[in-house]
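**Q** Here you go, start_11.pdb (PDB, C-alpha atoms):
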```pdb
MODEL        1
ATOM      1  CA  MET A 450       7.194  24.050 -83.577
ATOM      2  CA  ASN A 451       8.328  20.492 -82.795
ATOM      3  CA  ASN A 452       6.058  18.054 -81.157
ATOM      4  CA  MET A 453       7.152  16.898 -77.671
ATOM      5  CA  ASN A 454       7.567  13.379 -79.083
ATOM      6  CA  GLU A 455      10.281  14.569 -81.496
ATOM      7  CA  ARG A 456      12.552  16.207 -78.905
ATOM      8  CA  GLY A 457      15.944  14.569 -78.783
ATOM      9  CA  GLN A 458      15.258  12.732 -82.055
ATOM     10  CA  VAL A 459      18.423  14.046 -83.740
ATOM     11  CA  SER A 460      20.596  13.344 -80.705
ATOM     12  CA  ILE A 461      19.423   9.741 -80.559
ATOM     13  CA  GLU A 462      20.023   9.278 -84.297
ATOM     14  CA  PHE A 463      23.448  10.792 -83.959
ATOM     15  CA  ILE A 464      24.310   8.526 -81.037
ATOM     16  CA  LEU A 465      23.110   5.476 -82.988
ATOM     17  CA  VAL A 466      25.137   6.387 -86.084
ATOM     18  CA  ALA A 467      28.185   7.381 -84.053
ATOM     19  CA  GLY A 468      27.917   4.100 -82.151
ATOM     20  CA  ALA A 469      27.761   2.112 -85.373
ATOM     21  CA  VAL A 470      30.754   4.013 -86.789
ATOM     22  CA  LEU A 471      32.671   3.454 -83.556
ATOM     23  CA  LEU A 472      31.857  -0.258 -83.647
ATOM     24  CA  ILE A 473      33.127  -0.521 -87.219
ATOM     25  CA  ALA A 474      36.261   1.469 -86.352
ATOM     26  CA  VAL A 475      37.042  -0.671 -83.307
ATOM     27  CA  SER A 476      36.482  -3.965 -85.123
ATOM     28  CA  MET A 477      38.579  -2.790 -88.092
ATOM     29  CA  TYR A 478      41.409  -1.514 -85.884
ATOM     30  CA  PRO A 479      43.588  -4.670 -85.847
ATOM     31  CA  PHE A 480      43.280  -5.011 -89.647
ATOM     32  CA  ALA A 481      44.063  -1.344 -90.108
ATOM     33  CA  MET A 482      47.142  -1.681 -87.900
ATOM     34  CA  GLN A 483      48.344  -4.705 -89.866
ATOM     35  CA  GLN A 484      47.890  -2.841 -93.120
ATOM     36  CA  GLN A 485      49.587   0.219 -91.687
ATOM     37  CA  GLU A 486      52.549  -1.920 -90.583
ATOM     38  CA  LEU A 487      52.852  -3.373 -94.055
ATOM     39  CA  ASN A 488      52.615   0.044 -95.718
ATOM     40  CA  LYS A 489      55.205   1.499 -93.395
ATOM     41  CA  ALA A 490      57.652  -1.324 -94.106
ATOM     42  CA  VAL A 491      57.154  -1.181 -97.872
ATOM     43  CA  SER A 492      57.587   2.586 -97.973
ATOM     44  CA  ALA A 493      60.746   2.486 -95.839
ATOM     45  CA  ALA A 494      62.166  -0.462 -97.793
ATOM     46  CA  ARG A 495      61.688   1.278-101.106
ATOM     47  CA  GLU A 496      63.355   4.414 -99.829
ATOM     48  CA  GLY A 497      66.331   2.542 -98.404
ATOM     49  CA  ALA A 498      66.776   0.552-101.598
ATOM     50  CA  SER A 499      66.740   3.723-103.707
ATOM     51  CA  TYR A 500      69.333   5.253-101.420
ATOM     52  CA  GLY A 501      71.575   2.194-101.651
ATOM     53  CA  ALA A 502      71.207   2.124-105.429
ATOM     54  CA  GLY A 503      72.006   5.837-105.587
ATOM     55  CA  LEU A 504      75.154   5.419-103.490
ATOM     56  CA  ARG A 505      76.512   2.586-105.620
ATOM     57  CA  GLY A 506      75.403   4.297-108.808
ATOM     58  CA  MET A 507      77.553   7.288-107.931
ATOM     59  CA  GLY A 508      80.517   4.999-107.290
ATOM     60  CA  PHE A 509      80.476   5.112-103.490
ATOM     61  CA  THR A 510      81.644   2.150-101.457
ATOM     62  CA  PRO A 511      80.109   1.690 -97.996
ATOM     63  CA  GLN A 512      82.558   0.953 -95.185
ATOM     64  CA  GLY A 513      83.372  -2.737 -95.122
ATOM     65  CA  GLY A 514      82.291  -3.251 -98.731
ATOM     66  CA  ALA A 515      84.351  -3.685-101.874
ATOM     67  CA  SER A 516      84.697  -1.022-104.505
ATOM     68  CA  LEU A 517      82.580  -1.056-107.657
ATOM     69  CA  PRO A 518      82.717   1.358-110.549
ATOM     70  CA  GLY A 519      79.698   3.649-110.712
ATOM     71  CA  GLY A 520      76.956   3.237-113.281
ATOM     72  CA  MET A 521      73.251   3.489-113.856
ATOM     73  CA  VAL A 522      71.482   1.555-111.119
ATOM     74  CA  LYS A 523      67.731   1.687-110.938
ATOM     75  CA  ILE A 524      65.099   0.055-108.782
ATOM     76  CA  GLU A 525      62.668  -0.991-111.501
ATOM     77  CA  GLY A 526      60.055  -2.555-109.271
ATOM     78  CA  MET A 527      59.271  -4.420-106.102
ATOM     79  CA  VAL A 528      56.952  -7.160-104.899
ATOM     80  CA  VAL A 529      55.894  -8.047-101.395
ATOM     81  CA  ASN A 530      55.211 -11.719-100.701
ATOM     82  CA  LYS A 531      53.762 -13.444 -97.684
ATOM     83  CA  THR A 532      56.056 -16.448 -97.532
ATOM     84  CA  GLY A 533      54.004 -18.430 -95.045
ATOM     85  CA  THR A 534      56.947 -18.717 -92.663
ATOM     86  CA  VAL A 535      56.037 -17.989 -89.061
ATOM     87  CA  SER A 536      58.522 -17.105 -86.346
ATOM     88  CA  GLY A 537      56.884 -16.951 -82.923
ATOM     89  CA  ASP A 538      53.799 -14.781 -83.391
ATOM     90  CA  LEU A 539      55.180 -13.055 -86.459
ATOM     91  CA  GLU A 540      54.550 -13.876 -90.104
ATOM     92  CA  GLU A 541      57.242 -13.286 -92.683
ATOM     93  CA  TYR A 542      56.796 -10.799 -95.462
ATOM     94  CA  GLN A 543      59.557 -10.827 -98.037
ATOM     95  CA  ILE A 544      60.189  -7.713-100.083
ATOM     96  CA  THR A 545      61.905  -8.353-103.408
ATOM     97  CA  PHE A 546      63.434  -5.577-105.476
ATOM     98  CA  PHE A 547      64.008  -5.792-109.194
ATOM     99  CA  VAL A 548      67.211  -3.974-109.940
ATOM    100  CA  TYR A 549      68.535  -2.778-113.259
ATOM    101  CA  ALA A 550      72.326  -2.480-113.239
ATOM    102  CA  PRO A 551      75.067  -2.806-115.870
ATOM    103  CA  GLU A 552      76.653  -6.249-116.036
ATOM    104  CA  TYR A 553      79.985  -5.058-114.675
ATOM    105  CA  MET A 554      78.185  -4.089-111.461
ATOM    106  CA  GLN A 555      76.219  -7.313-111.082
ATOM    107  CA  GLY A 556      79.161  -9.425-109.878
ATOM    108  CA  ASN A 557      78.124 -13.081-109.745
ATOM    109  CA  GLY A 558      74.673 -12.111-111.018
ATOM    110  CA  ASP A 559      72.896 -13.288-107.861
ATOM    111  CA  CYS A 560      71.702 -10.056-106.293
ATOM    112  CA  SER A 561      70.766 -11.687-102.987
ATOM    113  CA  SER A 562      74.001 -13.600-102.400
ATOM    114  CA  ALA A 563      76.159 -12.414 -99.525
ATOM    115  CA  GLY A 564      79.145 -11.559-101.702
ATOM    116  CA  ASN A 565      77.200  -9.491-104.201
ATOM    117  CA  GLU A 566      78.330  -5.935-103.499
ATOM    118  CA  LEU A 567      75.525  -4.021-105.176
ATOM    119  CA  GLY A 568      72.818  -6.381-103.930
ATOM    120  CA  SER A 569      74.181  -6.298-100.369
ATOM    121  CA  THR A 570      74.200  -2.496-100.315
ATOM    122  CA  ILE A 571      70.607  -2.320-101.532
ATOM    123  CA  ILE A 572      69.391  -5.001 -99.106
ATOM    124  CA  ASN A 573      71.295  -3.599 -96.113
ATOM    125  CA  GLN A 574      70.106  -0.039 -96.712
ATOM    126  CA  SER A 575      66.566  -1.239 -97.203
ATOM    127  CA  LEU A 576      66.572  -3.237 -93.949
ATOM    128  CA  SER A 577      68.200  -0.337 -92.084
ATOM    129  CA  TYR A 578      65.409   1.963 -93.237
ATOM    130  CA  ILE A 579      62.726  -0.556 -92.204
ATOM    131  CA  HIS A 580      64.401  -0.884 -88.807
ATOM    132  CA  ARG A 581      64.371   2.870 -88.394
ATOM    133  CA  ALA A 582      60.732   3.113 -89.417
ATOM    134  CA  PHE A 583      59.691   0.767 -86.592
ATOM    135  CA  TYR A 584      62.248   1.453 -83.881
ATOM    136  CA  GLY A 585      63.024   5.117 -84.502
ATOM    137  CA  ASN A 586      66.797   4.579 -84.594
ATOM    138  CA  TRP A 587      69.395   3.181 -86.925
ATOM    139  CA  SER A 588      70.587  -0.338 -86.298
ATOM    140  CA  ALA A 589      74.264  -0.520 -85.294
ATOM    141  CA  THR A 590      74.840  -3.270 -87.858
ATOM    142  CA  PRO A 591      72.644  -4.006 -90.868
ATOM    143  CA  PRO A 592      69.854  -6.284 -89.625
ATOM    144  CA  GLY A 593      69.099  -9.584 -91.377
ATOM    145  CA  SER A 594      65.368  -9.067 -90.800
ATOM    146  CA  VAL A 595      63.176  -6.609 -88.933
ATOM    147  CA  ASN A 596      60.525  -7.650 -86.429
ATOM    148  CA  ALA A 597      57.390  -5.549 -86.114
ATOM    149  CA  SER A 598      54.173  -6.201 -84.154
ATOM    150  CA  TYR A 599      52.419  -8.520 -86.613
ATOM    151  CA  TYR A 600      55.049  -9.350 -89.213
ATOM    152  CA  TYR A 601      58.764  -9.675 -89.705
ATOM    153  CA  PHE A 602      60.347  -8.383 -92.876
ATOM    154  CA  THR A 603      63.155  -9.711 -95.014
ATOM    155  CA  VAL A 604      64.529  -8.219 -98.234
ATOM    156  CA  THR A 605      65.913  -9.835-101.371
ATOM    157  CA  CYS A 606      66.669  -8.582-104.850
ATOM    158  CA  GLN A 607      66.948  -9.797-108.425
ATOM    159  CA  TYR A 608      68.743  -8.321-111.403
ATOM    160  CA  ILE A 609      66.727  -7.637-114.499
ATOM    161  CA  SER A 610      67.971  -6.778-117.943
TER     162      SER A 610
ATOM    163  CA  MET B 505       8.621  39.421 -83.630
ATOM    164  CA  LYS B 506       8.948  35.722 -82.975
ATOM    165  CA  VAL B 507      12.477  34.406 -82.414
ATOM    166  CA  ILE B 508      13.124  30.881 -83.718
ATOM    167  CA  ARG B 509      15.609  29.080 -81.469
ATOM    168  CA  PRO B 510      17.258  25.765 -82.315
ATOM    169  CA  ILE B 511      15.678  22.834 -80.542
ATOM    170  CA  ARG B 512      17.646  21.434 -77.642
ATOM    171  CA  SER B 513      18.766  18.251 -79.457
ATOM    172  CA  GLU B 514      20.704  20.278 -82.071
ATOM    173  CA  LYS B 515      22.723  22.248 -79.557
ATOM    174  CA  GLY B 516      26.453  21.684 -79.951
ATOM    175  CA  GLN B 517      25.898  19.758 -83.184
ATOM    176  CA  ILE B 518      28.175  22.007 -85.243
ATOM    177  CA  SER B 519      30.876  22.050 -82.550
ATOM    178  CA  LEU B 520      30.957  18.250 -82.553
ATOM    179  CA  GLU B 521      31.198  18.075 -86.348
ATOM    180  CA  VAL B 522      33.973  20.649 -86.356
ATOM    181  CA  ILE B 523      35.916  18.639 -83.780
ATOM    182  CA  MET B 524      35.544  15.426 -85.801
ATOM    183  CA  VAL B 525      36.487  17.000 -89.125
ATOM    184  CA  THR B 526      39.418  18.880 -87.585
ATOM    185  CA  GLY B 527      40.638  15.694 -85.921
ATOM    186  CA  LEU B 528      40.506  13.823 -89.203
ATOM    187  CA  ALA B 529      42.315  16.653 -90.984
ATOM    188  CA  ILE B 530      45.040  16.664 -88.323
ATOM    189  CA  ILE B 531      45.551  12.884 -88.656
ATOM    190  CA  LEU B 532      45.887  13.199 -92.457
ATOM    191  CA  LEU B 533      48.211  16.181 -92.189
ATOM    192  CA  VAL B 534      50.499  14.493 -89.663
ATOM    193  CA  SER B 535      50.739  11.382 -91.870
ATOM    194  CA  PHE B 536      51.743  13.467 -94.886
ATOM    195  CA  VAL B 537      54.240  15.516 -92.876
ATOM    196  CA  ASN B 538      55.860  12.301 -91.592
ATOM    197  CA  ILE B 539      56.210  10.855 -95.087
ATOM    198  CA  GLY B 540      57.491  14.188 -96.393
ATOM    199  CA  LEU B 541      60.143  14.612 -93.698
ATOM    200  CA  GLN B 542      61.516  11.109 -94.194
ATOM    201  CA  ARG B 543      61.676  11.613 -97.960
ATOM    202  CA  GLU B 544      63.345  14.979 -97.516
ATOM    203  CA  ALA B 545      66.136  13.524 -95.354
ATOM    204  CA  THR B 546      66.914  10.837 -97.931
ATOM    205  CA  ALA B 547      66.761  13.255-100.845
ATOM    206  CA  GLU B 548      69.072  15.626 -98.993
ATOM    207  CA  ASP B 549      71.610  12.903 -98.344
ATOM    208  CA  ILE B 550      71.520  11.676-101.930
ATOM    209  CA  GLY B 551      72.097  15.279-102.994
ATOM    210  CA  GLU B 552      75.093  15.528-100.689
ATOM    211  CA  THR B 553      76.658  12.346-102.045
ATOM    212  CA  GLY B 554      76.213  13.786-105.525
ATOM    213  CA  GLU B 555      77.878  16.967-104.350
ATOM    214  CA  VAL B 556      80.827  14.941-103.022
ATOM    215  CA  ARG B 557      81.139  13.130-106.319
ATOM    216  CA  MET B 558      81.098  16.450-108.214
ATOM    217  CA  LEU B 559      83.784  17.804-105.907
ATOM    218  CA  GLY B 560      85.971  14.850-106.826
ATOM    219  CA  GLU B 561      85.274  15.334-110.528
ATOM    220  CA  LEU B 562      86.151  19.035-110.244
ATOM    221  CA  LEU B 563      89.489  18.264-108.608
ATOM    222  CA  ALA B 564      90.187  15.472-111.091
ATOM    223  CA  THR B 565      89.419  17.737-114.049
ATOM    224  CA  ALA B 566      91.702  20.451-112.677
ATOM    225  CA  ILE B 567      94.584  18.018-112.085
ATOM    226  CA  ASN B 568      94.172  16.417-115.527
ATOM    227  CA  ASN B 569      94.056  19.832-117.197
ATOM    228  CA  VAL B 570      97.215  20.985-115.469
ATOM    229  CA  TYR B 571      98.925  17.747-116.443
ATOM    230  CA  ALA B 572      97.772  17.990-120.078
ATOM    231  CA  ASN B 573      98.857  21.626-120.493
ATOM    232  CA  GLY B 574     102.464  20.869-119.592
ATOM    233  CA  GLU B 575     105.247  22.538-117.669
ATOM    234  CA  GLY B 576     104.524  25.928-116.094
ATOM    235  CA  PHE B 577     100.744  25.664-116.283
ATOM    236  CA  SER B 578      98.812  26.241-113.093
ATOM    237  CA  THR B 579      95.201  26.634-112.061
ATOM    238  CA  PHE B 580      93.590  28.075-108.953
ATOM    239  CA  ILE B 581      90.408  26.755-107.386
ATOM    240  CA  GLY B 582      88.916  29.351-105.063
ATOM    241  CA  GLU B 583      86.938  28.975-101.874
ATOM    242  CA  ASP B 584      83.771  29.791-103.773
ATOM    243  CA  LYS B 585      84.172  26.444-105.546
ATOM    244  CA  ILE B 586      85.567  24.321-102.726
ATOM    245  CA  ASN B 587      84.683  25.485 -99.223
ATOM    246  CA  PHE B 588      86.255  23.063 -96.758
ATOM    247  CA  THR B 589      84.337  24.433 -93.754
ATOM    248  CA  ARG B 590      81.060  23.652 -95.439
ATOM    249  CA  LEU B 591      82.278  20.364 -96.875
ATOM    250  CA  GLY B 592      83.602  19.107 -93.543
ATOM    251  CA  ASN B 593      80.463  19.936 -91.570
ATOM    252  CA  PRO B 594      78.651  16.627 -90.901
ATOM    253  CA  TYR B 595      75.298  18.457 -90.938
ATOM    254  CA  MET B 596      76.058  19.962 -94.336
ATOM    255  CA  THR B 597      78.006  17.956 -96.914
ATOM    256  CA  GLY B 598      79.689  15.656 -94.414
ATOM    257  CA  VAL B 599      83.003  15.050 -96.171
ATOM    258  CA  VAL B 600      85.557  13.352 -93.948
ATOM    259  CA  LEU B 601      88.623  15.551 -94.389
ATOM    260  CA  PRO B 602      91.309  15.317 -95.614
ATOM    261  CA  ILE B 603      90.625  14.354 -99.192
ATOM    262  CA  ASN B 604      93.299  11.823-100.106
ATOM    263  CA  ILE B 605      95.127  11.997-103.415
ATOM    264  CA  THR B 606      97.345   9.129-104.467
ATOM    265  CA  SER B 607      98.945   8.481-107.832
ATOM    266  CA  GLY B 608      96.035   7.834-110.141
ATOM    267  CA  ASN B 609      93.209   8.392-107.646
ATOM    268  CA  ILE B 610      91.329  10.932-105.603
ATOM    269  CA  THR B 611      89.588   9.312-102.643
ATOM    270  CA  ILE B 612      86.811  11.177-100.868
ATOM    271  CA  THR B 613      85.017   9.778 -97.841
ATOM    272  CA  LYS B 614      81.552  10.887 -96.792
ATOM    273  CA  ASN B 615      79.963  10.589 -93.385
ATOM    274  CA  LEU B 616      76.716   8.585 -93.627
ATOM    275  CA  SER B 617      75.602   8.788 -90.006
ATOM    276  CA  LYS B 618      72.480  10.705 -91.027
ATOM    277  CA  THR B 619      71.204   7.692 -92.939
ATOM    278  CA  GLY B 620      72.303   4.972 -90.585
ATOM    279  CA  GLY B 621      75.620   4.070 -92.145
ATOM    280  CA  THR B 622      79.135   4.876 -91.011
ATOM    281  CA  THR B 623      81.066   6.175 -94.000
ATOM    282  CA  ALA B 624      81.291   5.572 -97.721
ATOM    283  CA  TRP B 625      84.110   6.486-100.026
ATOM    284  CA  VAL B 626      84.437   7.174-103.710
ATOM    285  CA  ASN B 627      87.486   6.932-105.964
ATOM    286  CA  ILE B 628      87.882   9.222-108.946
ATOM    287  CA  SER B 629      90.639   8.401-111.394
ATOM    288  CA  ILE B 630      93.206  10.952-112.493
ATOM    289  CA  ILE B 631      95.821  10.684-115.228
ATOM    290  CA  PRO B 632      99.107  11.830-113.625
ATOM    291  CA  SER B 633     100.991   9.590-111.231
ATOM    292  CA  ASN B 634     103.702  12.053-110.181
ATOM    293  CA  ILE B 635     101.793  14.148-107.711
ATOM    294  CA  THR B 636     103.059  15.921-104.631
ATOM    295  CA  GLY B 637     101.534  18.204-102.046
ATOM    296  CA  GLU B 638     102.893  21.423-100.535
ATOM    297  CA  ASP B 639     101.647  23.990 -98.054
ATOM    298  CA  PRO B 640     100.011  27.001 -99.695
ATOM    299  CA  THR B 641     102.116  30.156-100.103
ATOM    300  CA  SER B 642     101.279  33.763-100.921
ATOM    301  CA  GLU B 643     102.301  33.053-104.501
ATOM    302  CA  PHE B 644     100.364  29.794-104.664
ATOM    303  CA  PRO B 645      97.345  30.035-102.319
ATOM    304  CA  GLU B 646      95.050  27.155-101.446
ATOM    305  CA  ILE B 647      94.083  25.383-103.782
ATOM    306  CA  THR B 648      96.582  25.916-106.578
ATOM    307  CA  ILE B 649      97.552  23.049-108.848
ATOM    308  CA  ARG B 650     100.801  23.526-110.764
ATOM    309  CA  ASN B 651     102.812  21.540-113.253
ATOM    310  CA  ASN B 652     106.557  22.041-112.725
ATOM    311  CA  GLY B 653     107.564  19.691-115.503
ATOM    312  CA  THR B 654     108.275  16.776-113.186
ATOM    313  CA  TYR B 655     105.451  16.850-110.688
ATOM    314  CA  ILE B 656     101.904  18.024-110.398
ATOM    315  CA  ILE B 657     102.079  20.081-107.189
ATOM    316  CA  ILE B 658      98.936  20.634-105.147
ATOM    317  CA  TYR B 659      99.185  23.606-102.785
ATOM    318  CA  ALA B 660      96.724  22.916 -99.970
ATOM    319  CA  ASN B 661      96.713  22.385 -96.233
ATOM    320  CA  SER B 662      97.304  18.733 -95.465
ATOM    321  CA  THR B 663      94.257  18.769 -93.174
ATOM    322  CA  ASN B 664      92.148  19.518 -96.246
ATOM    323  CA  ILE B 665      93.922  17.698 -99.066
ATOM    324  CA  ASN B 666      96.471  15.052 -98.256
ATOM    325  CA  VAL B 667      98.727  13.945-101.099
ATOM    326  CA  ILE B 668     100.043  10.496-100.275
TER     327      ILE B 668
ENDMDL
END
```
Please express what this file holds, its structure, as structure tokens.
**A**
Amino acid sequence: MNNMNERGQVSIEFILVAGAVLLIAVSMYPFAMQQQELNKAVSAAREGASYGAGLRGMGFTPQGGASLPGGMVKIEGMVVNKTGTVSGDLEEYQITFFVYAPEYMQGNGDCSSAGNELGSTIINQSLSYIHRAFYGNWSATPPGSVNASYYYFTVTCQYIS
Amino acid sequence: MKVIRPIRSEKGQISLEVIMVTGLAIILLVSFVNIGLQREATAEDIGETGEVRMLGELLATAINNVYANGEGFSTFIGEDKINFTRLGNPYMTGVVLPINITSGNITITKNLSKTGGTTAWVNISIIPSNITGEDPTSEFPEITIRNNGTYIIIYANSTNINVI
């Protein structure tokens, strides 16, 4: 049988541990939210870019764009860079996609330039998906960047051979 | 017989642990479901665009075959292969009907509202340039493609296939 002095021992220990865990959770919360925001954007961007690449690969032309013959388009990789640019309270994160595409689809070869059909489709789709991930709806026109709570996101791309 | 009861401080201990573990499990599950649903929507739409492309290729192959086989040759594409009700439904394949056929090209437009866009179109090349469209008849039901020696005639409702 337990001694009177030991009654409530487990409850107190539990409260102490739970308190410590709660303290850690609360202090980590802002960092966790920032990381979650970044993860959400990267995941949505990747998905949008794959969709854009798939559309162009199958020979589809989005409304307002110019026609390109279909071909094998692949998102080979992506990097996310903190550019150091700050707009208001938001820091810029730039997502860059590395795109494999046949030369006849690369246009002027500068994936990020406004007139580059394949690059524009990939970037626009990617930004539309990021916008949807944060706002829950599709942007009426492709956004140039997407503002979230801690960061704002821009997208570029580069062709690789 | 002596009954051993749990001491007061351990009461509700298991209930609390169950609540915490269940809560954690729910958070994980919801995160995975969210990711899964988003992926599914994109995969579905990519599949539909592929379906639209294949539809175009099917029509192009049929037209080219009829052209290559010469005068008097015809082919029939049944509803089991091209179902316009299903194709035109924006929640299914989302093809914007009619499908336009011009000399040298089949143009199919797909509704992209599910993935934030408006529409996208695809051109599929065909060999013949002398193409005309006619309403389907009992002899030549929708969709029959026939070579009369001068023209490739496509028998289809103009709301489904429009030969320009």
**Q** Would you mind telling me which residue in A:Gly558, A:Gly457, A:Pro551, A:Gly519 lies nearest to chain B when using only C-alpha atoms?
**A**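 Among the listed residues, A:Gly457 lies closest to chain B.
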**Q** From the list B:Gly653, B:Glu561, B:Tyr571, B:Thr663, which residue is nearest Pro632 in chain B when using only C-alpha atoms?
**A**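 Looking at the shortest contact to Pro632 in chain B, the residue is B:Tyr571.
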**Q** Given the file above and the PyMOL selection byres ((chain A) within 7 of (chain B)), which residues are selected, and can you give them as a VMD selection string?
**A** chain A and resid 456 to 457 459 to 460 500 503 508 to 512 577 587
**Q** I'd like to see the residues matched by the PyMOL selection byres ((chain B and resi 564) around 8) on this file, and ideally I'd get them as an MDAnalysis selection string.
**A** chainID B and resid 560:563 565:568 610 628:630
**Q** How many Å lie between CA of Glu575 in chain B and CA of Ile657 in chain B, rounded to one decimal?
**A**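 CA of Ile657 in chain B lies at a distance of 11.2 Å from CA of Glu575 in chain B.
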**Q** Selected by the PyMOL selection byres ((chain A and resi 588) around 10) in the shown coordinates: which residues, as a VMD selection string?
**A** (chain A and resid 576 to 581 584 to 587 589 to 592) or (chain B and resid 620 to 621)
**Q** Please, what is the axis-aligned box for every listed atom of range 546-557 of chain A with 4 Å on each side, as centre and edge lengths in Å to one decimal, as lines of an AutoDock Vina configuration file?
**A**
```
center_x = 71.7
center_y = -7.8
center_z = -110.8
size_x = 24.6
size_y = 18.6
size_z = 18.6
```
**Q** Of the candidates A:Pro479, A:Gly593, A:Gly533, A:Gly556, which shows the shortest atom-to-atom distance to Ser516 in chain A, using only C-alpha atoms?
**A**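 Among A:Pro479, A:Gly593, A:Gly533, A:Gly556, it is A:Gly556 that comes nearest to Ser516 in chain A.
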**Q** Provide the CA of Ala502 in chain A to CA of Pro602 in chain B distance in Å, to one decimal place.
**A** 26.0 Å
**Q** Just to confirm, what's the straight-line distance from CA of Gln543 in chain A to CA of Asn565 in chain A in Å (one decimal)?
**A**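 Calculated distance between CA of Gln543 in chain A and CA of Asn565 in chain A is 18.7 Å.
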**Q** Please output range 648-653 of chain B, rebuilt to include all heavy atoms, as a CSV table (one decimal), keeping the file's coordinate frame.
**A**
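Generated output (rebuild.csv):
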```csv
chain,number,residue,atom,x,y,z
B,648,THR,N,96.0,25.7,-105.3
B,648,THR,CA,96.6,25.9,-106.6
B,648,THR,C,97.2,24.6,-107.0
B,648,THR,O,97.8,23.9,-106.2
B,648,THR,CB,97.7,27.0,-106.5
B,648,THR,OG1,97.1,28.2,-106.0
B,648,THR,CG2,98.4,27.2,-107.9
B,649,ILE,N,97.0,24.3,-108.3
B,649,ILE,CA,97.6,23.0,-108.8
B,649,ILE,C,98.5,23.5,-110.0
B,649,ILE,O,98.1,24.2,-110.9
B,649,ILE,CB,96.4,22.1,-109.4
B,649,ILE,CG1,95.4,21.8,-108.3
B,649,ILE,CG2,97.0,20.8,-110.0
B,649,ILE,CD1,94.1,21.2,-108.8
B,650,ARG,N,99.8,23.0,-109.9
B,650,ARG,CA,100.8,23.5,-110.8
B,650,ARG,C,101.6,22.4,-111.3
B,650,ARG,O,101.9,21.4,-110.6
B,650,ARG,CB,101.7,24.5,-110.0
B,650,ARG,CG,102.7,25.2,-110.9
B,650,ARG,CD,103.4,26.3,-110.0
B,650,ARG,NE,104.4,25.8,-109.1
B,650,ARG,CZ,105.7,25.7,-109.3
B,650,ARG,NH1,106.2,26.0,-110.5
B,650,ARG,NH2,106.5,25.2,-108.4
B,651,ASN,N,102.0,22.5,-112.6
B,651,ASN,CA,102.8,21.5,-113.3
B,651,ASN,C,104.2,22.1,-113.4
B,651,ASN,O,104.4,23.1,-114.0
B,651,ASN,CB,102.2,21.3,-114.7
B,651,ASN,CG,103.0,20.1,-115.4
B,651,ASN,OD1,104.1,19.8,-115.0
B,651,ASN,ND2,102.3,19.6,-116.4
B,652,ASN,N,105.2,21.5,-112.7
B,652,ASN,CA,106.6,22.0,-112.7
B,652,ASN,C,107.4,21.2,-113.7
B,652,ASN,O,108.6,21.4,-113.7
B,652,ASN,CB,107.2,22.1,-111.3
B,652,ASN,CG,107.6,20.7,-110.8
B,652,ASN,OD1,107.3,19.7,-111.4
B,652,ASN,ND2,108.3,20.7,-109.7
B,653,GLY,N,106.8,20.5,-114.5
B,653,GLY,CA,107.6,19.7,-115.5
B,653,GLY,C,107.9,18.3,-115.0
B,653,GLY,O,107.9,17.4,-115.8
```
